[in-house]
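Enquirer: Please find protein-v6.cif (mmCIF, N, CA and C atoms) on the next line:
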```
data_upload
#
loop_
_atom_site.label_atom_id
_atom_site.label_comp_id
_atom_site.auth_asym_id
_atom_site.auth_seq_id
_atom_site.Cartn_x
_atom_site.Cartn_y
_atom_site.Cartn_z
N MET L 1 -50.53 90.14 67.97
CA MET L 1 -49.30 90.43 67.25
C MET L 1 -48.98 91.90 67.44
N THR L 2 -47.75 92.20 67.60
CA THR L 2 -47.32 93.59 67.66
C THR L 2 -46.72 93.95 66.33
N GLY L 3 -46.43 95.24 66.11
CA GLY L 3 -45.86 95.67 64.83
C GLY L 3 -44.58 94.93 64.50
N GLY L 4 -44.26 94.90 63.24
CA GLY L 4 -43.05 94.21 62.79
C GLY L 4 -43.35 92.81 62.33
N ALA L 5 -42.32 92.14 61.90
CA ALA L 5 -42.47 90.80 61.35
C ALA L 5 -42.74 89.81 62.48
N SER L 6 -43.58 88.84 62.20
CA SER L 6 -43.84 87.79 63.18
C SER L 6 -43.16 86.52 62.72
N ALA L 7 -42.96 85.63 63.67
CA ALA L 7 -42.32 84.36 63.33
C ALA L 7 -43.25 83.57 62.42
N PRO L 8 -42.72 82.99 61.33
CA PRO L 8 -43.58 82.21 60.45
C PRO L 8 -44.08 80.98 61.18
N THR L 9 -45.28 80.57 60.84
CA THR L 9 -45.83 79.36 61.42
C THR L 9 -45.90 78.30 60.35
N THR L 10 -45.78 77.05 60.77
CA THR L 10 -45.83 75.93 59.83
C THR L 10 -47.08 75.13 60.13
N PRO L 11 -47.92 74.89 59.11
CA PRO L 11 -49.11 74.08 59.34
C PRO L 11 -48.70 72.67 59.76
N PRO L 12 -49.56 71.97 60.51
CA PRO L 12 -49.25 70.61 60.93
C PRO L 12 -49.00 69.72 59.72
N ALA L 13 -48.25 68.63 59.94
CA ALA L 13 -47.95 67.68 58.86
C ALA L 13 -49.26 67.23 58.22
N GLY L 14 -49.29 67.22 56.92
CA GLY L 14 -50.47 66.78 56.18
C GLY L 14 -51.51 67.87 55.96
N ALA L 15 -51.38 69.01 56.66
CA ALA L 15 -52.35 70.10 56.48
C ALA L 15 -52.06 70.82 55.18
N PRO L 16 -53.10 71.34 54.53
CA PRO L 16 -52.86 72.10 53.30
C PRO L 16 -52.02 73.33 53.59
N ARG L 17 -51.19 73.69 52.65
CA ARG L 17 -50.34 74.87 52.82
C ARG L 17 -50.99 76.06 52.14
N PRO L 18 -50.92 77.23 52.77
CA PRO L 18 -51.50 78.42 52.14
C PRO L 18 -50.74 78.81 50.88
N ARG L 19 -51.47 79.29 49.91
CA ARG L 19 -50.88 79.77 48.67
C ARG L 19 -50.69 81.27 48.80
N ARG L 20 -49.65 81.79 48.17
CA ARG L 20 -49.42 83.23 48.17
C ARG L 20 -50.63 83.91 47.57
N PRO L 21 -51.02 85.08 48.10
CA PRO L 21 -52.19 85.74 47.52
C PRO L 21 -51.91 86.18 46.10
N SER L 22 -53.00 86.26 45.33
CA SER L 22 -52.85 86.77 43.98
C SER L 22 -52.68 88.26 44.09
N SER L 23 -51.97 88.60 44.15
CA SER L 23 -51.57 89.96 44.24
C SER L 23 -50.11 89.83 44.65
N PRO L 24 -45.05 91.96 47.72
CA PRO L 24 -43.64 91.72 47.85
C PRO L 24 -42.98 92.42 48.96
N PRO L 25 -40.17 93.93 50.93
CA PRO L 25 -39.66 94.13 52.29
C PRO L 25 -39.94 95.55 52.74
N VAL L 26 -39.77 95.99 53.90
CA VAL L 26 -40.13 97.25 54.52
C VAL L 26 -38.87 98.00 54.91
N GLY L 27 -38.93 99.30 54.93
CA GLY L 27 -37.80 100.12 55.31
C GLY L 27 -38.13 101.56 55.06
N PRO L 28 -37.11 102.34 54.70
CA PRO L 28 -37.35 103.75 54.43
C PRO L 28 -38.23 103.90 53.20
N PRO L 29 -38.76 105.11 52.97
CA PRO L 29 -39.61 105.28 51.81
C PRO L 29 -38.87 104.85 50.55
N PRO L 30 -39.51 104.05 49.74
CA PRO L 30 -38.86 103.60 48.52
C PRO L 30 -38.66 104.75 47.54
N PRO L 31 -37.63 104.66 46.73
CA PRO L 31 -37.41 105.70 45.74
C PRO L 31 -38.46 105.61 44.63
N GLY L 32 -38.58 106.67 43.90
CA GLY L 32 -39.49 106.68 42.77
C GLY L 32 -40.79 107.35 43.12
N PRO L 33 -41.53 107.73 42.11
CA PRO L 33 -42.78 108.45 42.33
C PRO L 33 -43.87 107.53 42.88
N PHE L 34 -44.82 108.11 43.56
CA PHE L 34 -45.96 107.38 44.08
C PHE L 34 -46.90 107.05 42.92
N SER L 35 -47.33 105.79 42.85
CA SER L 35 -48.28 105.37 41.82
C SER L 35 -48.95 104.08 42.28
N SER L 36 -50.03 103.70 41.64
CA SER L 36 -50.69 102.45 42.00
C SER L 36 -49.77 101.27 41.73
N ALA L 37 -48.94 101.35 40.70
CA ALA L 37 -47.99 100.27 40.42
C ALA L 37 -46.97 100.14 41.55
N ARG L 38 -46.52 101.28 42.12
CA ARG L 38 -45.57 101.24 43.24
C ARG L 38 -46.24 100.67 44.49
N VAL L 39 -47.51 101.01 44.72
CA VAL L 39 -48.24 100.44 45.85
C VAL L 39 -48.28 98.92 45.71
N GLN L 40 -48.64 98.44 44.54
CA GLN L 40 -48.71 97.01 44.29
C GLN L 40 -47.34 96.35 44.51
N GLU L 41 -46.30 96.95 44.00
CA GLU L 41 -44.94 96.41 44.14
C GLU L 41 -44.54 96.31 45.62
N ILE L 42 -44.85 97.33 46.39
CA ILE L 42 -44.47 97.35 47.80
C ILE L 42 -45.28 96.32 48.59
N VAL L 43 -46.55 96.22 48.32
CA VAL L 43 -47.36 95.21 49.01
C VAL L 43 -46.84 93.82 48.69
N ARG L 44 -46.58 93.56 47.44
CA ARG L 44 -46.06 92.25 47.05
C ARG L 44 -44.71 91.97 47.69
N SER L 45 -43.87 92.98 47.82
CA SER L 45 -42.55 92.77 48.43
C SER L 45 -42.67 92.47 49.92
N ASN L 46 -43.81 92.74 50.51
CA ASN L 46 -44.05 92.48 51.93
C ASN L 46 -44.93 91.27 52.18
N PHE L 47 -45.20 90.49 51.15
CA PHE L 47 -46.13 89.38 51.33
C PHE L 47 -45.66 88.39 52.39
N ASP L 48 -44.35 88.20 52.54
CA ASP L 48 -43.88 87.24 53.54
C ASP L 48 -44.28 87.67 54.95
N ARG L 49 -44.63 88.91 55.14
CA ARG L 49 -45.13 89.38 56.44
C ARG L 49 -46.64 89.17 56.56
N LEU L 50 -47.34 89.04 55.43
CA LEU L 50 -48.79 88.85 55.44
C LEU L 50 -49.19 87.38 55.48
N SER L 51 -48.40 86.54 54.86
CA SER L 51 -48.71 85.12 54.75
C SER L 51 -48.97 84.44 56.09
N PRO L 52 -48.18 84.72 57.15
CA PRO L 52 -48.45 84.07 58.43
C PRO L 52 -49.83 84.41 59.01
N CYS L 53 -50.37 85.56 58.66
CA CYS L 53 -51.71 85.93 59.13
C CYS L 53 -52.72 84.87 58.70
N TYR L 54 -52.63 84.46 57.47
CA TYR L 54 -53.53 83.45 56.91
C TYR L 54 -53.14 82.05 57.38
N ALA L 55 -51.85 81.75 57.39
CA ALA L 55 -51.37 80.41 57.73
C ALA L 55 -51.83 80.00 59.13
N ARG L 56 -51.77 80.92 60.10
CA ARG L 56 -52.21 80.59 61.46
C ARG L 56 -53.70 80.26 61.49
N ALA L 57 -54.49 81.05 60.80
CA ALA L 57 -55.94 80.87 60.85
C ALA L 57 -56.42 79.65 60.08
N VAL L 58 -55.76 79.33 58.99
CA VAL L 58 -56.22 78.21 58.17
C VAL L 58 -55.96 76.88 58.87
N THR L 59 -55.04 76.83 59.82
CA THR L 59 -54.85 75.60 60.60
C THR L 59 -56.05 75.39 61.52
N ARG L 60 -56.70 76.47 61.92
CA ARG L 60 -57.89 76.42 62.76
C ARG L 60 -59.13 76.12 61.93
N ASP L 61 -59.18 76.69 60.72
CA ASP L 61 -60.35 76.53 59.85
C ASP L 61 -59.90 76.42 58.40
N PRO L 62 -59.71 75.18 57.91
CA PRO L 62 -59.21 74.98 56.54
C PRO L 62 -60.15 75.49 55.45
N SER L 63 -61.38 75.85 55.80
CA SER L 63 -62.31 76.36 54.78
C SER L 63 -62.09 77.85 54.50
N LEU L 64 -61.24 78.52 55.29
CA LEU L 64 -61.01 79.96 55.09
C LEU L 64 -60.33 80.22 53.76
N ARG L 65 -60.93 81.07 52.98
CA ARG L 65 -60.35 81.53 51.73
C ARG L 65 -61.17 82.72 51.29
N GLY L 66 -60.58 83.54 50.47
CA GLY L 66 -61.31 84.70 49.97
C GLY L 66 -60.43 85.92 49.88
N THR L 67 -61.07 87.05 49.66
CA THR L 67 -60.37 88.31 49.43
C THR L 67 -60.59 89.27 50.59
N ILE L 68 -59.48 89.82 51.08
CA ILE L 68 -59.53 90.90 52.06
C ILE L 68 -59.27 92.18 51.29
N ARG L 69 -60.19 93.12 51.36
CA ARG L 69 -60.04 94.40 50.68
C ARG L 69 -59.60 95.43 51.73
N VAL L 70 -58.30 95.75 51.69
CA VAL L 70 -57.72 96.65 52.68
C VAL L 70 -57.87 98.09 52.20
N ARG L 71 -58.56 98.90 53.00
CA ARG L 71 -58.69 100.33 52.71
C ARG L 71 -57.50 101.03 53.35
N LEU L 72 -56.67 101.65 52.51
CA LEU L 72 -55.45 102.31 52.97
C LEU L 72 -55.58 103.82 52.89
N ALA L 73 -55.10 104.49 53.93
CA ALA L 73 -54.91 105.94 53.89
C ALA L 73 -53.41 106.14 54.05
N ILE L 74 -52.79 106.74 53.04
CA ILE L 74 -51.34 106.93 53.02
C ILE L 74 -51.06 108.43 53.10
N GLY L 75 -50.26 108.81 54.10
CA GLY L 75 -49.94 110.22 54.31
C GLY L 75 -48.98 110.75 53.26
N ALA L 76 -48.84 112.06 53.21
CA ALA L 76 -47.97 112.72 52.24
C ALA L 76 -46.53 112.20 52.33
N ASP L 77 -46.10 111.78 53.55
CA ASP L 77 -44.73 111.29 53.74
C ASP L 77 -44.58 109.80 53.40
N GLY L 78 -45.65 109.14 52.97
CA GLY L 78 -45.60 107.74 52.58
C GLY L 78 -45.92 106.77 53.70
N ARG L 79 -46.15 107.28 54.91
CA ARG L 79 -46.51 106.40 56.03
C ARG L 79 -48.01 106.09 55.98
N VAL L 80 -48.34 104.88 56.41
CA VAL L 80 -49.75 104.49 56.44
C VAL L 80 -50.42 105.14 57.65
N ILE L 81 -51.47 105.89 57.39
CA ILE L 81 -52.25 106.55 58.43
C ILE L 81 -53.33 105.60 58.95
N GLY L 82 -53.86 104.80 58.06
CA GLY L 82 -54.90 103.85 58.44
C GLY L 82 -54.96 102.69 57.48
N ALA L 83 -55.28 101.51 58.02
CA ALA L 83 -55.46 100.30 57.21
C ALA L 83 -56.63 99.54 57.83
N THR L 84 -57.74 99.47 57.12
CA THR L 84 -58.92 98.79 57.66
C THR L 84 -59.52 97.88 56.60
N ALA L 85 -60.24 96.86 57.09
CA ALA L 85 -60.94 95.93 56.20
C ALA L 85 -62.16 95.42 56.95
N ASP L 86 -63.14 94.94 56.21
CA ASP L 86 -64.34 94.36 56.83
C ASP L 86 -63.97 93.11 57.60
N ARG L 87 -64.65 92.88 58.72
CA ARG L 87 -64.42 91.67 59.51
C ARG L 87 -65.75 91.18 60.06
N ALA L 88 -65.79 89.87 60.33
CA ALA L 88 -66.98 89.25 60.88
C ALA L 88 -67.19 89.67 62.32
N ARG L 89 -68.45 89.70 62.73
CA ARG L 89 -68.76 89.91 64.14
C ARG L 89 -68.65 88.57 64.86
N PRO L 90 -68.51 88.58 66.18
CA PRO L 90 -68.42 87.32 66.92
C PRO L 90 -69.59 86.39 66.57
N GLY L 91 -69.26 85.14 66.32
CA GLY L 91 -70.27 84.15 65.98
C GLY L 91 -70.56 84.02 64.50
N GLU L 92 -70.12 84.99 63.70
CA GLU L 92 -70.34 84.91 62.26
C GLU L 92 -69.22 84.10 61.61
N PRO L 93 -69.50 83.49 60.45
CA PRO L 93 -68.44 82.75 59.76
C PRO L 93 -67.35 83.70 59.26
N GLY L 94 -66.15 83.13 59.02
CA GLY L 94 -65.01 83.92 58.59
C GLY L 94 -64.98 84.25 57.11
N VAL L 95 -65.98 83.76 56.38
CA VAL L 95 -66.08 84.05 54.95
C VAL L 95 -67.48 84.56 54.67
N ARG L 96 -67.58 85.66 53.92
CA ARG L 96 -68.86 86.25 53.52
C ARG L 96 -68.81 86.44 52.02
N GLY L 97 -69.49 85.57 51.27
CA GLY L 97 -69.39 85.62 49.80
C GLY L 97 -67.97 85.30 49.41
N ASP L 98 -67.34 86.20 48.65
CA ASP L 98 -65.93 85.99 48.27
C ASP L 98 -64.98 86.72 49.23
N ALA L 99 -65.54 87.35 50.28
CA ALA L 99 -64.72 88.13 51.22
C ALA L 99 -64.26 87.28 52.39
N LEU L 100 -62.98 87.34 52.68
CA LEU L 100 -62.39 86.71 53.87
C LEU L 100 -62.51 87.75 54.97
N VAL L 101 -63.38 87.48 55.96
CA VAL L 101 -63.65 88.46 57.02
C VAL L 101 -63.29 87.92 58.41
N ASP L 102 -62.55 86.82 58.45
CA ASP L 102 -62.13 86.24 59.73
C ASP L 102 -61.41 87.31 60.55
N PRO L 103 -61.88 87.61 61.77
CA PRO L 103 -61.29 88.70 62.55
C PRO L 103 -59.79 88.54 62.82
N GLU L 104 -59.34 87.32 63.06
CA GLU L 104 -57.91 87.09 63.32
C GLU L 104 -57.06 87.43 62.10
N VAL L 105 -57.48 86.97 60.94
CA VAL L 105 -56.72 87.23 59.71
C VAL L 105 -56.77 88.71 59.37
N VAL L 106 -57.96 89.28 59.41
CA VAL L 106 -58.12 90.70 59.06
C VAL L 106 -57.32 91.59 60.00
N GLY L 107 -57.39 91.35 61.31
CA GLY L 107 -56.65 92.17 62.27
C GLY L 107 -55.15 92.10 62.04
N CYS L 108 -54.65 90.92 61.78
CA CYS L 108 -53.22 90.74 61.52
C CYS L 108 -52.80 91.47 60.24
N VAL L 109 -53.60 91.34 59.18
CA VAL L 109 -53.30 92.00 57.91
C VAL L 109 -53.32 93.53 58.09
N GLU L 110 -54.31 94.04 58.80
CA GLU L 110 -54.38 95.48 59.07
C GLU L 110 -53.13 95.96 59.81
N GLU L 111 -52.73 95.19 60.82
CA GLU L 111 -51.56 95.57 61.62
C GLU L 111 -50.29 95.59 60.77
N GLU L 112 -50.11 94.58 59.94
CA GLU L 112 -48.92 94.54 59.07
C GLU L 112 -48.95 95.69 58.06
N PHE L 113 -50.09 95.92 57.42
CA PHE L 113 -50.18 97.03 56.46
C PHE L 113 -49.85 98.36 57.12
N SER L 114 -50.21 98.53 58.39
CA SER L 114 -49.97 99.82 59.05
C SER L 114 -48.48 100.12 59.21
N THR L 115 -47.60 99.14 59.03
CA THR L 115 -46.16 99.36 59.16
C THR L 115 -45.47 99.58 57.82
N PHE L 116 -46.19 99.43 56.72
CA PHE L 116 -45.57 99.58 55.39
C PHE L 116 -45.20 101.04 55.13
N ARG L 117 -44.18 101.23 54.30
CA ARG L 117 -43.79 102.57 53.85
C ARG L 117 -43.92 102.64 52.34
N PHE L 118 -44.45 103.73 51.88
CA PHE L 118 -44.63 103.99 50.45
C PHE L 118 -43.86 105.25 50.10
N PRO L 119 -43.66 105.52 48.81
CA PRO L 119 -43.01 106.78 48.43
C PRO L 119 -43.87 107.97 48.88
N GLU L 120 -43.27 109.12 49.03
CA GLU L 120 -44.03 110.33 49.31
C GLU L 120 -45.06 110.50 48.21
N THR L 121 -46.26 110.91 48.59
CA THR L 121 -47.35 110.98 47.60
C THR L 121 -47.23 112.18 46.67
N GLY L 122 -46.64 113.26 47.15
CA GLY L 122 -46.53 114.46 46.34
C GLY L 122 -47.84 115.22 46.22
N ARG L 123 -48.87 114.77 46.93
CA ARG L 123 -50.17 115.45 46.84
C ARG L 123 -51.01 115.29 48.09
N GLY L 124 -50.38 115.15 49.24
CA GLY L 124 -51.13 114.98 50.48
C GLY L 124 -51.57 113.54 50.68
N MET L 125 -52.57 113.37 51.54
CA MET L 125 -53.05 112.02 51.84
C MET L 125 -53.73 111.40 50.61
N VAL L 126 -53.47 110.10 50.43
CA VAL L 126 -54.05 109.33 49.34
C VAL L 126 -54.77 108.15 49.94
N THR L 127 -55.95 107.83 49.41
CA THR L 127 -56.66 106.63 49.84
C THR L 127 -56.79 105.67 48.67
N THR L 128 -56.75 104.39 49.00
CA THR L 128 -56.88 103.36 47.97
C THR L 128 -57.40 102.09 48.63
N VAL L 129 -57.88 101.17 47.84
CA VAL L 129 -58.29 99.86 48.33
C VAL L 129 -57.41 98.84 47.66
N TYR L 130 -56.79 97.97 48.48
CA TYR L 130 -55.90 96.94 47.94
C TYR L 130 -56.49 95.57 48.26
N PRO L 131 -56.87 94.80 47.24
CA PRO L 131 -57.41 93.46 47.49
C PRO L 131 -56.31 92.41 47.59
N LEU L 132 -56.42 91.54 48.59
CA LEU L 132 -55.51 90.40 48.76
C LEU L 132 -56.36 89.13 48.78
N THR L 133 -56.11 88.22 47.86
CA THR L 133 -56.88 86.97 47.82
C THR L 133 -56.04 85.84 48.39
N PHE L 134 -56.60 85.17 49.41
CA PHE L 134 -55.93 84.06 50.07
C PHE L 134 -56.69 82.77 49.76
N SER L 135 -55.93 81.70 49.50
CA SER L 135 -56.53 80.38 49.33
C SER L 135 -55.46 79.33 49.57
N LEU L 136 -55.88 78.09 49.67
CA LEU L 136 -54.95 76.98 49.84
C LEU L 136 -54.51 76.49 48.49
N GLU L 137 -53.32 75.85 48.45
CA GLU L 137 -52.80 75.31 47.19
C GLU L 137 -53.67 74.16 46.74
#
```
Go ahead and express the file in the form of structure tokens.
Expert:
Amino acid sequence: MTGGASAPTTPPAGAPRPRRPSSPPVGPPPPGPFSSARVQEIVRSNFDRLSPCYARAVTRDPSLRGTIRVRLAIGADGRVIGATADRARPGEPGVRGDALVDPEVVGCVEEEFSTFRFPETGRGMVTTVYPLTFSLE
């Protein structure tokens, strides 16, 4: 996947449909001060860009579910400097405890997060961890 929105995928007929993560669009830096509540609001407003990451993988492995903990580094200007999460090594299962570590899902989520814009931080680079929980309905 390259940066930007990807075409949504539809699971095959009869396949379980992914549920929105328990935890919203992209553009110029949003107005308002930087805060954890604003980070949450912006991530939720972009969920439609994250959902296909899980939907594609769950058609391959319906047992995939869990939480991806995205470590974000956000620059003073509100741009994402880095977005990383734990992932499985080749041959390992895509779930480790409650963590969703499937490399395809994690890589896609990291790529999408790297395009998000947040308000200017007002205090230089900020780091945070944002958990996204994926499961089937």
Enquirer: Go through the shown structure with the PyMOL selection byres (((chain L and resi 113 and name CA) around 10) and name CA) and write out the matching residues as a CSV table (one decimal) with N, CA and C atoms, in the coordinates of the input.
Expert:
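Wrote result_33.csv, looks like this:
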```csv
chain,number,residue,atom,x,y,z
L,3,GLY,N,-46.4,95.2,66.1
L,3,GLY,CA,-45.9,95.7,64.8
L,3,GLY,C,-44.6,94.9,64.5
L,4,GLY,N,-44.3,94.9,63.2
L,4,GLY,CA,-43.0,94.2,62.8
L,4,GLY,C,-43.4,92.8,62.3
L,43,VAL,N,-46.6,96.2,48.3
L,43,VAL,CA,-47.4,95.2,49.0
L,43,VAL,C,-46.8,93.8,48.7
L,46,ASN,N,-43.8,92.7,50.5
L,46,ASN,CA,-44.0,92.5,51.9
L,46,ASN,C,-44.9,91.3,52.2
L,49,ARG,N,-44.6,88.9,55.1
L,49,ARG,CA,-45.1,89.4,56.4
L,49,ARG,C,-46.6,89.2,56.6
L,50,LEU,N,-47.3,89.0,55.4
L,50,LEU,CA,-48.8,88.8,55.4
L,50,LEU,C,-49.2,87.4,55.5
L,70,VAL,N,-58.3,95.8,51.7
L,70,VAL,CA,-57.7,96.6,52.7
L,70,VAL,C,-57.9,98.1,52.2
L,71,ARG,N,-58.6,98.9,53.0
L,71,ARG,CA,-58.7,100.3,52.7
L,71,ARG,C,-57.5,101.0,53.4
L,72,LEU,N,-56.7,101.6,52.5
L,72,LEU,CA,-55.4,102.3,53.0
L,72,LEU,C,-55.6,103.8,52.9
L,80,VAL,N,-48.3,104.9,56.4
L,80,VAL,CA,-49.8,104.5,56.4
L,80,VAL,C,-50.4,105.1,57.6
L,81,ILE,N,-51.5,105.9,57.4
L,81,ILE,CA,-52.2,106.6,58.4
L,81,ILE,C,-53.3,105.6,59.0
L,82,GLY,N,-53.9,104.8,58.1
L,82,GLY,CA,-54.9,103.8,58.4
L,82,GLY,C,-55.0,102.7,57.5
L,83,ALA,N,-55.3,101.5,58.0
L,83,ALA,CA,-55.5,100.3,57.2
L,83,ALA,C,-56.6,99.5,57.8
L,84,THR,N,-57.7,99.5,57.1
L,84,THR,CA,-58.9,98.8,57.7
L,84,THR,C,-59.5,97.9,56.6
L,107,GLY,N,-57.4,91.4,61.3
L,107,GLY,CA,-56.6,92.2,62.3
L,107,GLY,C,-55.2,92.1,62.0
L,108,CYS,N,-54.6,90.9,61.8
L,108,CYS,CA,-53.2,90.7,61.5
L,108,CYS,C,-52.8,91.5,60.2
L,109,VAL,N,-53.6,91.3,59.2
L,109,VAL,CA,-53.3,92.0,57.9
L,109,VAL,C,-53.3,93.5,58.1
L,110,GLU,N,-54.3,94.0,58.8
L,110,GLU,CA,-54.4,95.5,59.1
L,110,GLU,C,-53.1,96.0,59.8
L,111,GLU,N,-52.7,95.2,60.8
L,111,GLU,CA,-51.6,95.6,61.6
L,111,GLU,C,-50.3,95.6,60.8
L,112,GLU,N,-50.1,94.6,59.9
L,112,GLU,CA,-48.9,94.5,59.1
L,112,GLU,C,-49.0,95.7,58.1
L,114,SER,N,-50.2,98.5,58.4
L,114,SER,CA,-50.0,99.8,59.0
L,114,SER,C,-48.5,100.1,59.2
L,115,THR,N,-47.6,99.1,59.0
L,115,THR,CA,-46.2,99.4,59.2
L,115,THR,C,-45.5,99.6,57.8
L,116,PHE,N,-46.2,99.4,56.7
L,116,PHE,CA,-45.6,99.6,55.4
L,116,PHE,C,-45.2,101.0,55.1
L,117,ARG,N,-44.2,101.2,54.3
L,117,ARG,CA,-43.8,102.6,53.8
L,117,ARG,C,-43.9,102.6,52.3
```
Enquirer: Which value, in Å to one decimal, gives the distance between atom C of Glu41 (chain L) and atom N of Pro119 (chain L)?
Expert: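 Computing the Euclidean distance for atom C of Glu41 (chain L) and atom N of Pro119 (chain L) yields 9.8 Å.
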Enquirer: Ser35 (chain L): which residues within 8 Å, counting only N, CA and C atoms, same-chain residues fewer than 3 positions away excluded, as a ChimeraX atom specification?
Expert: /L:32,38-41,119-121
Enquirer: Can you check which residues of region 90-130 of chain L DSSP gives as strand (DSSP E or B) on the backbone and send them as a count of residues only?
Expert: 10
Enquirer: If you measure from CA of Cys53 (chain L) to atom N of Val106 (chain L), what distance in Å do you get, rounded to one decimal?
Expert: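 Computing the Euclidean distance for CA of Cys53 (chain L) and atom N of Val106 (chain L) yields 7.1 Å.
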Enquirer: List the neighbours of Thr127 (chain L) out to 8 Å using only N, CA and C atoms; skip same-chain residues closer than 3 positions along the sequence, and give me the result as a list in words.
Expert: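 The residues satisfying every condition are Arg71, Leu72, Ala73, Ile74, Gly75, Gly124 and Tyr130 of chain L.
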Enquirer: Run through the PyMOL selection byres ((chain L and resi 101) around 7) on the given coordinates and return the selected residues as number ranges by chain.
Expert: L: 66-68, 86-89, 93-96, 98-100, 102-106
Enquirer: So how far away is atom C of Arg65 (chain L) from atom N of Phe134 (chain L), in Å?
Expert: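 Here the two named atoms are 5.5 Å from each other.
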Enquirer: Here is a test: counting all atoms listed in the file, which residue of L:Leu64, L:Ala76, L:Phe34, L:Ser45 is nearest to Val126 (chain L)?
Expert: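 Among the listed residues, the smallest separation from Val126 (chain L) belongs to L:Ala76.
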Enquirer: Please enclose the listed atoms of region 57-64 of chain L in an axis-aligned box, pad each side by 4 Å, and write out the centre and the three edge lengths in Å, rounded to one decimal, as JSON.
Expert:
```
{"center_x": -58.4, "center_y": 78.0, "center_z": 58.3, "size_x": 15.8, "size_y": 14.1, "size_z": 17.0}
```
